[in-house]
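Structure file start.cif (mmCIF, C-alpha atoms) follows.
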data_model
loop_
_atom_site.label_atom_id
_atom_site.label_comp_id
_atom_site.auth_asym_id
_atom_site.auth_seq_id
_atom_site.Cartn_x
_atom_site.Cartn_y
_atom_site.Cartn_z
CA MET Z 1 -129.80 -21.59 -248.00
CA ARG Z 2 -131.98 -20.66 -245.07
CA CYS Z 3 -133.96 -17.52 -244.49
CA CYS Z 4 -137.66 -17.06 -244.51
CA TRP Z 5 -138.16 -20.76 -244.58
CA GLN Z 6 -136.33 -23.60 -242.90
CA ALA Z 7 -133.16 -23.86 -240.80
CA GLY Z 8 -130.46 -26.10 -242.18
CA TYR Z 9 -129.95 -24.09 -245.28
CA SER Z 10 -127.24 -21.53 -245.43
CA ILE Z 11 -128.38 -17.93 -245.60
CA LEU Z 12 -130.63 -16.89 -242.75
CA PHE Z 13 -132.20 -13.97 -244.52
CA VAL Z 14 -133.20 -15.14 -248.04
CA ALA Z 15 -136.05 -17.61 -248.16
CA LEU Z 16 -135.76 -19.70 -251.28
CA ILE Z 17 -138.87 -21.80 -251.18
CA LEU Z 18 -138.70 -22.41 -254.91
CA THR Z 19 -142.14 -22.08 -256.61
CA PRO Z 20 -144.09 -22.52 -259.97
CA ALA Z 21 -146.93 -20.78 -261.68
CA ASP Z 22 -149.91 -23.15 -261.38
CA SER Z 23 -151.29 -23.47 -257.84
CA ARG Z 24 -153.98 -26.00 -258.81
CA THR Z 25 -156.13 -24.80 -255.91
CA PRO Z 26 -159.48 -26.66 -255.82
CA PRO Z 27 -162.40 -24.43 -256.84
CA SER Z 28 -164.19 -25.19 -253.55
CA TRP Z 29 -161.62 -23.27 -251.49
CA ARG Z 30 -161.85 -19.48 -251.24
CA ASP Z 31 -159.28 -17.16 -249.75
CA PRO Z 32 -160.95 -15.77 -246.59
CA SER Z 33 -158.79 -12.65 -246.47
CA SER Z 34 -160.51 -9.30 -247.01
CA HIS Z 35 -158.32 -8.18 -249.89
CA ALA Z 36 -159.24 -7.31 -253.45
CA VAL Z 37 -156.91 -8.65 -256.16
CA ARG Z 38 -155.75 -6.86 -259.28
CA PHE Z 39 -152.88 -7.32 -261.70
CA VAL Z 40 -150.52 -4.56 -262.79
CA THR Z 41 -148.55 -4.84 -266.02
CA VAL Z 42 -144.95 -3.77 -265.33
CA GLU Z 43 -143.47 -4.77 -268.69
CA LYS Z 44 -144.62 -6.60 -271.78
CA GLY Z 45 -145.85 -10.04 -270.77
CA VAL Z 46 -145.31 -9.53 -267.03
CA ARG Z 47 -148.17 -8.74 -264.65
CA LEU Z 48 -147.77 -8.54 -260.89
CA GLU Z 49 -150.39 -9.51 -258.34
CA ALA Z 50 -151.36 -6.56 -256.13
CA LEU Z 51 -153.52 -7.12 -253.05
CA ASP Z 52 -155.65 -4.34 -251.56
CA TRP Z 53 -156.90 -4.87 -248.00
CA GLY Z 54 -158.63 -1.50 -247.97
CA GLY Z 55 -158.57 0.95 -245.09
CA SER Z 56 -158.16 4.70 -244.99
CA GLY Z 57 -155.32 7.01 -244.16
CA LYS Z 58 -151.67 6.83 -245.13
CA PRO Z 59 -150.99 4.10 -247.73
CA ILE Z 60 -148.58 1.31 -246.85
CA VAL Z 61 -147.24 -1.28 -249.29
CA LEU Z 62 -146.12 -4.67 -247.97
CA LEU Z 63 -143.36 -6.65 -249.73
CA ALA Z 64 -142.86 -10.31 -248.84
CA GLY Z 65 -139.58 -12.03 -248.16
CA GLY Z 66 -137.98 -14.41 -250.62
CA GLY Z 67 -140.01 -17.52 -251.31
CA ASN Z 68 -143.22 -15.90 -250.06
CA THR Z 69 -146.05 -14.08 -251.82
CA ALA Z 70 -148.08 -11.11 -250.64
CA HIS Z 71 -150.55 -13.61 -249.16
CA VAL Z 72 -148.14 -14.20 -246.28
CA PHE Z 73 -149.63 -10.93 -244.94
CA ASP Z 74 -153.25 -12.10 -245.31
CA GLU Z 75 -153.84 -12.21 -241.53
CA PHE Z 76 -151.46 -9.39 -240.57
CA ALA Z 77 -152.48 -6.73 -243.11
CA PRO Z 78 -156.17 -6.37 -242.11
CA LYS Z 79 -155.06 -5.36 -238.62
CA LEU Z 80 -153.11 -2.45 -240.11
CA ALA Z 81 -156.07 -1.52 -242.31
CA SER Z 82 -157.98 -0.19 -239.31
CA ASP Z 83 -155.79 2.93 -239.51
CA HIS Z 84 -154.16 2.85 -242.94
CA HIS Z 85 -154.81 1.80 -246.53
CA VAL Z 86 -152.83 -1.41 -246.95
CA TYR Z 87 -151.55 -2.98 -250.16
CA GLY Z 88 -149.26 -5.89 -250.94
CA ILE Z 89 -147.20 -6.87 -254.00
CA THR Z 90 -146.21 -10.38 -255.05
CA ARG Z 91 -142.85 -9.96 -256.78
CA ARG Z 92 -142.22 -11.30 -260.26
CA GLY Z 93 -141.63 -15.02 -260.57
CA PHE Z 94 -143.65 -15.93 -257.46
CA GLY Z 95 -147.23 -17.00 -256.87
CA ALA Z 96 -149.63 -15.56 -259.44
CA SER Z 97 -147.21 -12.90 -260.73
CA GLY Z 98 -145.57 -13.23 -264.11
CA PHE Z 99 -141.86 -13.51 -264.77
CA SER Z 100 -139.10 -12.64 -267.19
CA THR Z 101 -135.36 -12.56 -266.63
CA SER Z 102 -133.34 -9.39 -266.22
CA ASP Z 103 -129.67 -8.47 -266.52
CA ASN Z 104 -129.97 -6.47 -263.30
CA PRO Z 105 -132.49 -8.21 -261.03
CA LEU Z 106 -132.46 -5.67 -258.20
CA ASP Z 107 -133.02 -2.70 -260.50
CA ARG Z 108 -135.83 -4.64 -262.16
CA LEU Z 109 -137.49 -5.44 -258.82
CA ARG Z 110 -137.11 -1.80 -257.76
CA ASP Z 111 -138.76 -0.63 -260.97
CA ASP Z 112 -141.55 -3.17 -260.49
CA VAL Z 113 -142.38 -1.68 -257.08
CA LEU Z 114 -142.36 1.84 -258.51
CA ALA Z 115 -144.56 0.75 -261.41
CA VAL Z 116 -147.18 -0.71 -259.07
CA ILE Z 117 -147.11 2.41 -256.87
CA GLY Z 118 -147.71 4.48 -259.99
CA ALA Z 119 -150.48 2.24 -261.32
CA LEU Z 120 -152.30 2.32 -257.97
CA LYS Z 121 -151.85 6.12 -257.86
CA LEU Z 122 -150.37 6.00 -254.39
CA LYS Z 123 -149.02 9.27 -253.02
CA ARG Z 124 -145.79 8.70 -251.09
CA PRO Z 125 -146.65 5.41 -249.38
CA VAL Z 126 -144.59 3.80 -246.66
CA LEU Z 127 -142.92 0.61 -247.89
CA ALA Z 128 -142.60 -2.29 -245.47
CA GLY Z 129 -140.60 -5.35 -246.45
CA HIS Z 130 -139.60 -8.64 -244.89
CA SER Z 131 -136.20 -10.31 -245.28
CA ILE Z 132 -134.65 -9.95 -248.76
CA ALA Z 133 -137.28 -7.29 -249.57
CA GLY Z 134 -135.00 -5.00 -247.60
CA ALA Z 135 -132.85 -4.74 -250.73
CA GLU Z 136 -135.87 -3.54 -252.72
CA LEU Z 137 -136.75 -1.02 -250.02
CA SER Z 138 -133.25 0.47 -250.04
CA ALA Z 139 -133.12 0.48 -253.86
CA VAL Z 140 -136.35 2.48 -254.07
CA ALA Z 141 -135.32 4.88 -251.30
CA THR Z 142 -131.88 5.70 -252.70
CA SER Z 143 -133.07 6.21 -256.28
CA HIS Z 144 -136.49 7.83 -255.71
CA PRO Z 145 -136.74 9.13 -252.13
CA ASP Z 146 -139.42 11.58 -253.26
CA ARG Z 147 -141.79 8.72 -254.12
CA ILE Z 148 -142.07 7.31 -250.59
CA ALA Z 149 -142.64 8.57 -247.04
CA GLY Z 150 -140.53 6.01 -245.22
CA LEU Z 151 -139.37 2.42 -244.90
CA VAL Z 152 -140.11 -0.39 -242.44
CA TYR Z 153 -137.58 -3.23 -242.41
CA LEU Z 154 -139.13 -6.38 -240.94
CA ASP Z 155 -136.01 -8.34 -240.01
CA ALA Z 156 -134.79 -7.04 -243.36
CA ALA Z 157 -132.10 -4.42 -242.67
CA TYR Z 158 -129.18 -6.77 -243.29
CA PRO Z 159 -126.08 -6.02 -245.42
CA TYR Z 160 -127.99 -6.40 -248.67
CA ALA Z 161 -130.11 -3.43 -247.47
CA PHE Z 162 -127.52 -1.41 -245.55
CA GLU Z 163 -123.78 -1.92 -245.47
CA SER Z 164 -121.34 -0.31 -243.07
CA ALA Z 165 -117.66 -0.78 -242.38
CA ASN Z 166 -118.64 -1.23 -238.74
CA GLY Z 167 -121.14 -3.97 -239.49
CA PRO Z 168 -120.88 -7.63 -240.48
CA SER Z 169 -120.36 -8.78 -244.04
CA MET Z 170 -122.99 -10.74 -245.93
CA LYS Z 171 -120.74 -13.79 -245.68
CA GLU Z 172 -121.20 -13.80 -241.93
CA PHE Z 173 -124.83 -14.74 -242.46
CA GLN Z 174 -123.98 -17.51 -244.92
CA ILE Z 175 -123.57 -20.26 -242.38
CA SER Z 176 -125.23 -23.64 -242.16
CA GLY Z 177 -127.43 -24.95 -239.41
CA PRO Z 178 -129.07 -28.32 -238.85
CA ARG Z 179 -131.40 -29.49 -241.59
CA ALA Z 180 -135.09 -29.03 -240.89
CA PRO Z 181 -137.51 -31.99 -240.96
CA ARG Z 182 -139.97 -32.60 -243.74
CA PRO Z 183 -143.71 -33.10 -243.21
CA ALA Z 184 -144.91 -36.67 -242.84
CA ASP Z 185 -147.76 -38.07 -244.93
CA ALA Z 186 -150.23 -37.28 -242.15
CA ASP Z 187 -149.11 -33.64 -242.21
CA LEU Z 188 -149.99 -33.51 -245.91
CA ALA Z 189 -153.54 -34.79 -245.47
CA SER Z 190 -154.85 -31.26 -246.03
CA PHE Z 191 -153.63 -27.68 -246.14
CA GLY Z 192 -155.00 -27.29 -242.62
CA SER Z 193 -152.77 -30.16 -241.49
CA LEU Z 194 -149.80 -28.61 -243.26
CA GLN Z 195 -150.50 -25.27 -241.61
CA LYS Z 196 -150.60 -26.90 -238.17
CA TRP Z 197 -147.35 -28.79 -238.86
CA ASN Z 198 -145.66 -25.62 -240.09
CA ALA Z 199 -146.61 -23.72 -236.94
CA GLU Z 200 -145.49 -26.55 -234.64
CA VAL Z 201 -142.15 -26.95 -236.40
CA TYR Z 202 -141.19 -23.32 -236.99
CA GLY Z 203 -143.06 -21.53 -234.23
CA SER Z 204 -145.10 -19.07 -236.30
CA ARG Z 205 -148.39 -19.59 -238.12
CA ARG Z 206 -148.52 -18.85 -241.84
CA PRO Z 207 -151.89 -18.17 -243.48
CA GLU Z 208 -153.36 -21.14 -245.30
CA SER Z 209 -153.68 -18.92 -248.37
CA GLU Z 210 -149.89 -18.50 -248.40
CA LEU Z 211 -149.30 -22.25 -248.17
CA ARG Z 212 -151.67 -22.73 -251.08
CA GLN Z 213 -149.58 -20.25 -253.08
CA THR Z 214 -146.31 -22.00 -252.27
CA TRP Z 215 -147.27 -25.69 -252.41
CA ASP Z 216 -148.52 -27.81 -255.29
CA SER Z 217 -151.64 -29.85 -254.63
CA ASP Z 218 -153.05 -33.02 -256.19
CA SER Z 219 -156.45 -33.44 -257.84
CA SER Z 220 -158.12 -33.91 -254.45
CA GLY Z 221 -156.68 -30.66 -253.14
CA ARG Z 222 -154.07 -32.14 -250.80
CA PRO Z 223 -150.64 -30.48 -250.64
CA ARG Z 224 -147.89 -32.52 -252.25
CA LYS Z 225 -144.65 -30.53 -252.65
CA GLU Z 226 -143.28 -27.04 -252.44
CA ARG Z 227 -143.51 -25.25 -255.75
CA ASP Z 228 -140.57 -24.11 -257.86
CA PHE Z 229 -140.27 -20.32 -258.06
CA PRO Z 230 -138.67 -19.08 -261.29
CA GLY Z 231 -137.98 -15.76 -259.57
CA ALA Z 232 -135.63 -17.36 -257.03
CA GLN Z 233 -132.67 -16.90 -259.35
CA SER Z 234 -132.81 -13.18 -258.59
CA PHE Z 235 -131.89 -13.62 -254.95
CA MET Z 236 -128.38 -14.94 -255.40
CA ALA Z 237 -127.65 -12.06 -257.76
CA ILE Z 238 -128.80 -9.65 -255.04
CA MET Z 239 -126.76 -11.40 -252.38
CA THR Z 240 -123.57 -11.36 -254.44
CA SER Z 241 -124.02 -7.91 -255.96
CA THR Z 242 -121.27 -5.36 -255.44
CA ASN Z 243 -123.91 -2.61 -255.45
CA ARG Z 244 -124.37 -1.94 -251.73
CA PHE Z 245 -126.41 0.69 -249.92
CA THR Z 246 -124.46 2.86 -247.48
CA ARG Z 247 -127.11 5.49 -246.76
CA ILE Z 248 -130.89 5.55 -246.45
CA PRO Z 249 -132.28 9.05 -247.12
CA VAL Z 250 -135.82 8.58 -245.77
CA PRO Z 251 -137.33 7.88 -242.32
CA VAL Z 252 -136.66 4.31 -241.20
CA LEU Z 253 -138.10 1.81 -238.76
CA ALA Z 254 -135.97 -1.32 -238.54
CA ILE Z 255 -137.28 -4.23 -236.49
CA PHE Z 256 -134.71 -6.96 -235.89
CA ALA Z 257 -135.38 -10.43 -234.57
CA SER Z 258 -132.66 -10.04 -231.97
CA PRO Z 259 -132.06 -12.45 -230.53
CA HIS Z 260 -133.52 -14.98 -232.92
CA ILE Z 261 -135.24 -17.76 -231.04
CA PRO Z 262 -134.42 -21.33 -232.13
CA GLU Z 263 -137.12 -22.87 -234.25
CA ASN Z 264 -139.36 -25.23 -232.32
CA TRP Z 265 -138.05 -28.38 -233.94
CA ILE Z 266 -134.50 -27.58 -232.79
CA ALA Z 267 -135.51 -26.61 -229.26
CA ARG Z 268 -137.55 -29.81 -228.88
CA SER Z 269 -135.07 -32.18 -230.50
CA THR Z 270 -133.78 -35.07 -228.43
CA ASN Z 271 -130.78 -35.47 -230.72
CA PRO Z 272 -127.70 -33.95 -229.00
CA ALA Z 273 -126.02 -33.31 -232.37
CA VAL Z 274 -129.01 -31.29 -233.60
CA ARG Z 275 -129.20 -29.26 -230.41
CA GLU Z 276 -125.44 -28.59 -230.46
CA ALA Z 277 -125.50 -27.54 -234.12
CA GLY Z 278 -128.54 -25.37 -233.49
CA SER Z 279 -126.90 -23.67 -230.53
CA ALA Z 280 -123.77 -22.87 -232.56
CA TYR Z 281 -125.87 -21.62 -235.46
CA TYR Z 282 -128.00 -19.23 -233.42
CA THR Z 283 -125.05 -18.01 -231.36
CA ALA Z 284 -123.28 -16.93 -234.55
CA ILE Z 285 -126.39 -15.49 -236.22
CA ASN Z 286 -127.41 -13.53 -233.14
CA ALA Z 287 -123.94 -12.02 -232.75
CA SER Z 288 -123.95 -10.87 -236.39
CA THR Z 289 -127.51 -9.56 -236.13
CA GLU Z 290 -126.66 -7.44 -233.11
CA ARG Z 291 -123.60 -6.02 -234.89
CA GLN Z 292 -125.79 -5.13 -237.86
CA ALA Z 293 -128.38 -3.44 -235.64
CA ARG Z 294 -125.67 -1.33 -234.03
CA ALA Z 295 -124.16 -0.46 -237.42
CA LEU Z 296 -127.56 0.74 -238.63
CA GLU Z 297 -128.06 2.86 -235.50
CA ALA Z 298 -124.66 4.50 -236.03
CA GLY Z 299 -124.95 4.84 -239.81
CA VAL Z 300 -128.56 6.05 -239.98
CA PRO Z 301 -129.01 8.21 -236.85
CA THR Z 302 -132.62 9.05 -237.76
CA ALA Z 303 -133.61 5.38 -237.86
CA ARG Z 304 -135.63 3.81 -235.08
CA VAL Z 305 -134.08 0.40 -234.42
CA VAL Z 306 -136.17 -2.08 -232.46
CA ARG Z 307 -135.01 -5.46 -231.19
CA LEU Z 308 -137.59 -8.17 -230.51
CA THR Z 309 -136.88 -11.67 -229.28
CA GLY Z 310 -138.62 -13.66 -231.97
CA ALA Z 311 -138.50 -15.58 -235.23
CA HIS Z 312 -137.32 -14.38 -238.63
CA HIS Z 313 -140.97 -13.94 -239.69
CA ILE Z 314 -141.14 -11.32 -236.95
CA PHE Z 315 -144.55 -9.99 -238.05
CA LEU Z 316 -145.96 -13.47 -237.40
CA SER Z 317 -144.07 -14.48 -234.25
CA ASN Z 318 -144.36 -11.00 -232.65
CA GLU Z 319 -147.48 -9.65 -234.31
CA SER Z 320 -148.72 -7.27 -231.59
CA ASP Z 321 -145.29 -5.71 -231.00
CA THR Z 322 -144.73 -5.30 -234.73
CA LEU Z 323 -148.14 -3.69 -235.22
CA ARG Z 324 -147.54 -1.29 -232.32
CA GLU Z 325 -144.16 -0.16 -233.69
CA MET Z 326 -145.46 0.19 -237.24
CA ARG Z 327 -148.49 2.23 -236.19
CA ALA Z 328 -146.34 4.63 -234.22
CA PHE Z 329 -143.95 4.99 -237.15
CA LEU Z 330 -146.75 5.50 -239.68
CA VAL Z 331 -148.23 8.31 -237.59
CA SER Z 332 -144.85 10.06 -237.48
CA SER Z 333 -144.07 9.63 -241.22
CA LYS Z 334 -145.23 12.45 -243.45
#
Turn this file's structure into structure tokens for me.
Amino acid sequence: MRCCWQAGYSILFVALILTPADSRTPPSWRDPSSHAVRFVTVEKGVRLEALDWGGSGKPIVLLAGGGNTAHVFDEFAPKLASDHHVYGITRRGFGASGFSTSDNPLDRLRDDVLAVIGALKLKRPVLAGHSIAGAELSAVATSHPDRIAGLVYLDAAYPYAFESANGPSMKEFQISGPRAPRPADADLASFGSLQKWNAEVYGSRRPESELRQTWDSDSSGRPRKERDFPGAQSFMAIMTSTNRFTRIPVPVLAIFASPHIPENWIARSTNPAVREAGSAYYTAINASTERQARALEAGVPTARVVRLTGAHHIFLSNESDTLREMRAFLVSSK
């Protein structure tokens, strides 16, 4: 599957970078982000990591896409904190958050978000989510619209978050593209090297703190392999669920990566087969994305739908545009 991570897997919008619990980060490294960290117990034996970047004004809670932790916002969030109080939640089964299984994963993830909002004593925050977090946003909004002031879908308003008879089915996004390369030994010399490789290959720069959350390291602190996330099992249940959202009863800003730009490694490939497969992949994905954007505009007339030519991690590839749209939306949300 492909989503928030590499091309060459099947589903564009669900990043399954599978991950474990022990980051083994060397004690000499410190996260440079300005956030405070606390843990919120959401059920017996399960605590979730909550990041607080500070700020004043309307609260906003950031939810990462599948395979990521809240640290993926470590460089983006402080720029929002100049005008708003910004928080982030690492969902269960990822990064430093705990995990237990659930018979209904989406309801459980929804309740986790509500539990953290309650524990932090947030009054009607705006929720902003990337990728598969769109399902959590819609689940909260449809069950407890009184608890939030609005939603921001960061390339996240796909059929798992909003379904319409006029839009594409989820199966239309379950297509395969060319398989992404893996980092060479030199790219794994340090987390800085891995960060540089990641940006060159995929076209957007992830914070080093996020890579340290999602990669295992050896005793010398060098990255070795992507971690296994026990929470990844929840995503397929969400993707195949028959419980779809056909209305969104709160103010909405939906930013689509439309058209999606090919990842750097595809655009730069000298292999004709890779370039041909990449072209077919993005042609199909972009057509389905545009249909979904139009379906959302028709089905949720109060939604502001924005199209940006960029990558799936739109808040990284198109940071300034995303910040501008979010700030305008936050001012208008009450």
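Taken over the whole file, the PyMOL selection byres ((chain Z and resi 142) around 9) covers exactly Leu137, Ser138, Ala139, Val140, Ala141, Ser143, His144, Pro145, Phe245, Arg247, Ile248, Pro249 and Val250 of chain Z.
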Generate a file of the selected residues that holds C-alpha atoms, formatted as a PDB file, in the coordinates of the input.
ATOM      1  CA  LEU Z 137    -136.750  -1.020-250.020  1.00  0.00           C
ATOM      2  CA  SER Z 138    -133.250   0.470-250.040  1.00  0.00           C
ATOM      3  CA  ALA Z 139    -133.120   0.480-253.860  1.00  0.00           C
ATOM      4  CA  VAL Z 140    -136.350   2.480-254.070  1.00  0.00           C
ATOM      5  CA  ALA Z 141    -135.320   4.880-251.300  1.00  0.00           C
ATOM      6  CA  SER Z 143    -133.070   6.210-256.280  1.00  0.00           C
ATOM      7  CA  HIS Z 144    -136.490   7.830-255.710  1.00  0.00           C
ATOM      8  CA  PRO Z 145    -136.740   9.130-252.130  1.00  0.00           C
ATOM      9  CA  PHE Z 245    -126.410   0.690-249.920  1.00  0.00           C
ATOM     10  CA  ARG Z 247    -127.110   5.490-246.760  1.00  0.00           C
ATOM     11  CA  ILE Z 248    -130.890   5.550-246.450  1.00  0.00           C
ATOM     12  CA  PRO Z 249    -132.280   9.050-247.120  1.00  0.00           C
ATOM     13  CA  VAL Z 250    -135.820   8.580-245.770  1.00  0.00           C
TER      14      VAL Z 250
END
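The shortest atom-to-atom distance to Asp228 of chain Z, with all atoms listed in the file taken into account, belongs to Z:Thr214 out of Z:Thr214, Z:Ala257, Z:Tyr153, Z:Gly177.
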Completion exercise
Nearest to Gly55 of chain Z, restricted to all atoms listed in the file and choosing among Z:Ser234, Z:Ser82, Z:Ser33, Z:Ser219, comes out as Z:Ser82
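Here atom CA of Glu136 of chain Z stands at a distance of 28.1 Å from atom CA of Ala180 of chain Z.
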Exercise for the section: Just say which residues the PyMOL selection byres ((chain Z and resi 274) around 12) picks in this file, as a list in words. Expected result: Ala7, Gly8, Gly177, Pro178, Arg179, Ala180, Pro181, Pro262, Glu263, Trp265, Ile266, Ala267, Arg268, Ser269, Thr270, Asn271, Pro272, Ala273, Arg275, Glu276, Ala277, Gly278, Ser279, Ala280 and Tyr281 of chain Z
Is there a way to get, as an mmCIF file with C-alpha atoms, in the coordinates of the input, all residues within 9 Å of the point (-149.5, -5.2, -262.9) in file coordinates, counting only C-alpha atoms?
data_model
loop_
_atom_site.group_PDB
_atom_site.id
_atom_site.type_symbol
_atom_site.label_atom_id
_atom_site.label_comp_id
_atom_site.auth_asym_id
_atom_site.auth_seq_id
_atom_site.Cartn_x
_atom_site.Cartn_y
_atom_site.Cartn_z
ATOM 1 C CA ARG Z 38 -155.750 -6.860 -259.280
ATOM 2 C CA PHE Z 39 -152.880 -7.320 -261.700
ATOM 3 C CA VAL Z 40 -150.520 -4.560 -262.790
ATOM 4 C CA THR Z 41 -148.550 -4.840 -266.020
ATOM 5 C CA VAL Z 42 -144.950 -3.770 -265.330
ATOM 6 C CA GLU Z 43 -143.470 -4.770 -268.690
ATOM 7 C CA VAL Z 46 -145.310 -9.530 -267.030
ATOM 8 C CA ARG Z 47 -148.170 -8.740 -264.650
ATOM 9 C CA LEU Z 48 -147.770 -8.540 -260.890
ATOM 10 C CA GLU Z 49 -150.390 -9.510 -258.340
ATOM 11 C CA ALA Z 50 -151.360 -6.560 -256.130
ATOM 12 C CA SER Z 97 -147.210 -12.900 -260.730
ATOM 13 C CA ASP Z 112 -141.550 -3.170 -260.490
ATOM 14 C CA ALA Z 115 -144.560 0.750 -261.410
ATOM 15 C CA VAL Z 116 -147.180 -0.710 -259.070
ATOM 16 C CA ALA Z 119 -150.480 2.240 -261.320
#
Put the listed atoms of segment 75-80 of chain Z in a box along x, y and z with 4 Å added on every side and give me the centre and edge lengths in Å to one decimal, as lines of an AutoDock Vina configuration file.
center_x = -153.8
center_y = -7.3
center_z = -240.9
size_x = 12.7
size_y = 17.8
size_z = 12.5
Practice task
Just say which residues the PyMOL selection byres ((chain Z and resi 192-201) around 12) picks in this file, as a PyMOL selection string.
Solution key: chain Z and resi 5-7+29+180-191+202-212+214-215+217+221-226+262-269+311+313+316-317
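Atom CA of Phe256 of chain Z sits 26.2 Å away from atom CA of Asp111 of chain Z.
The two atoms in question, atom CA of Val72 of chain Z and atom CA of Ala293 of chain Z, are spaced 24.9 Å apart.
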Within 10 Å of segment 100-108 of chain Z: each segment 173-249 of chain Z residue with its shortest pair, all atoms listed in the file, as CSV:
residue,atom,partner,partner_atom,distance
Z:Pro230,CA,Z:Ser100,CA,8.7
Z:Gly231,CA,Z:Thr101,CA,8.2
Z:Gln233,CA,Z:Pro105,CA,8.9
Z:Ser234,CA,Z:Pro105,CA,5.5
Z:Phe235,CA,Z:Pro105,CA,8.2
Z:Met236,CA,Z:Pro105,CA,9.7
Z:Ala237,CA,Z:Pro105,CA,7.0
Z:Ile238,CA,Z:Leu106,CA,6.3
Z:Met239,CA,Z:Leu106,CA,10.0
Z:Ser241,CA,Z:Leu106,CA,9.0
Z:Asn243,CA,Z:Leu106,CA,9.5
Keeping only C-alpha atoms, take the residues you just selected and write them out as a PDB file, keeping the file's coordinate frame.
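What follows is the written file out_15.pdb:
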ATOM      1  CA  PRO Z 230    -138.670 -19.080-261.290  1.00  0.00           C
ATOM      2  CA  GLY Z 231    -137.980 -15.760-259.570  1.00  0.00           C
ATOM      3  CA  GLN Z 233    -132.670 -16.900-259.350  1.00  0.00           C
ATOM      4  CA  SER Z 234    -132.810 -13.180-258.590  1.00  0.00           C
ATOM      5  CA  PHE Z 235    -131.890 -13.620-254.950  1.00  0.00           C
ATOM      6  CA  MET Z 236    -128.380 -14.940-255.400  1.00  0.00           C
ATOM      7  CA  ALA Z 237    -127.650 -12.060-257.760  1.00  0.00           C
ATOM      8  CA  ILE Z 238    -128.800  -9.650-255.040  1.00  0.00           C
ATOM      9  CA  MET Z 239    -126.760 -11.400-252.380  1.00  0.00           C
ATOM     10  CA  SER Z 241    -124.020  -7.910-255.960  1.00  0.00           C
ATOM     11  CA  ASN Z 243    -123.910  -2.610-255.450  1.00  0.00           C
TER      12      ASN Z 243
END
Exercise for the section: Compare Z:Ala135, Z:Ile60, Z:Leu80, Z:Ala70 by their minimum atom-to-atom distance to Leu120 of chain Z, counting only C-alpha atoms, and give me the closest one. Expected result: Z:Ile60
Exercise for the section: For the point (-149.5, -3.6, -237.0) in the file's frame, write as a ChimeraX atom specification all residues with an atom no more than 9 Å away, counting only C-alpha atoms. Expected result: /Z:76-81,315,319-327
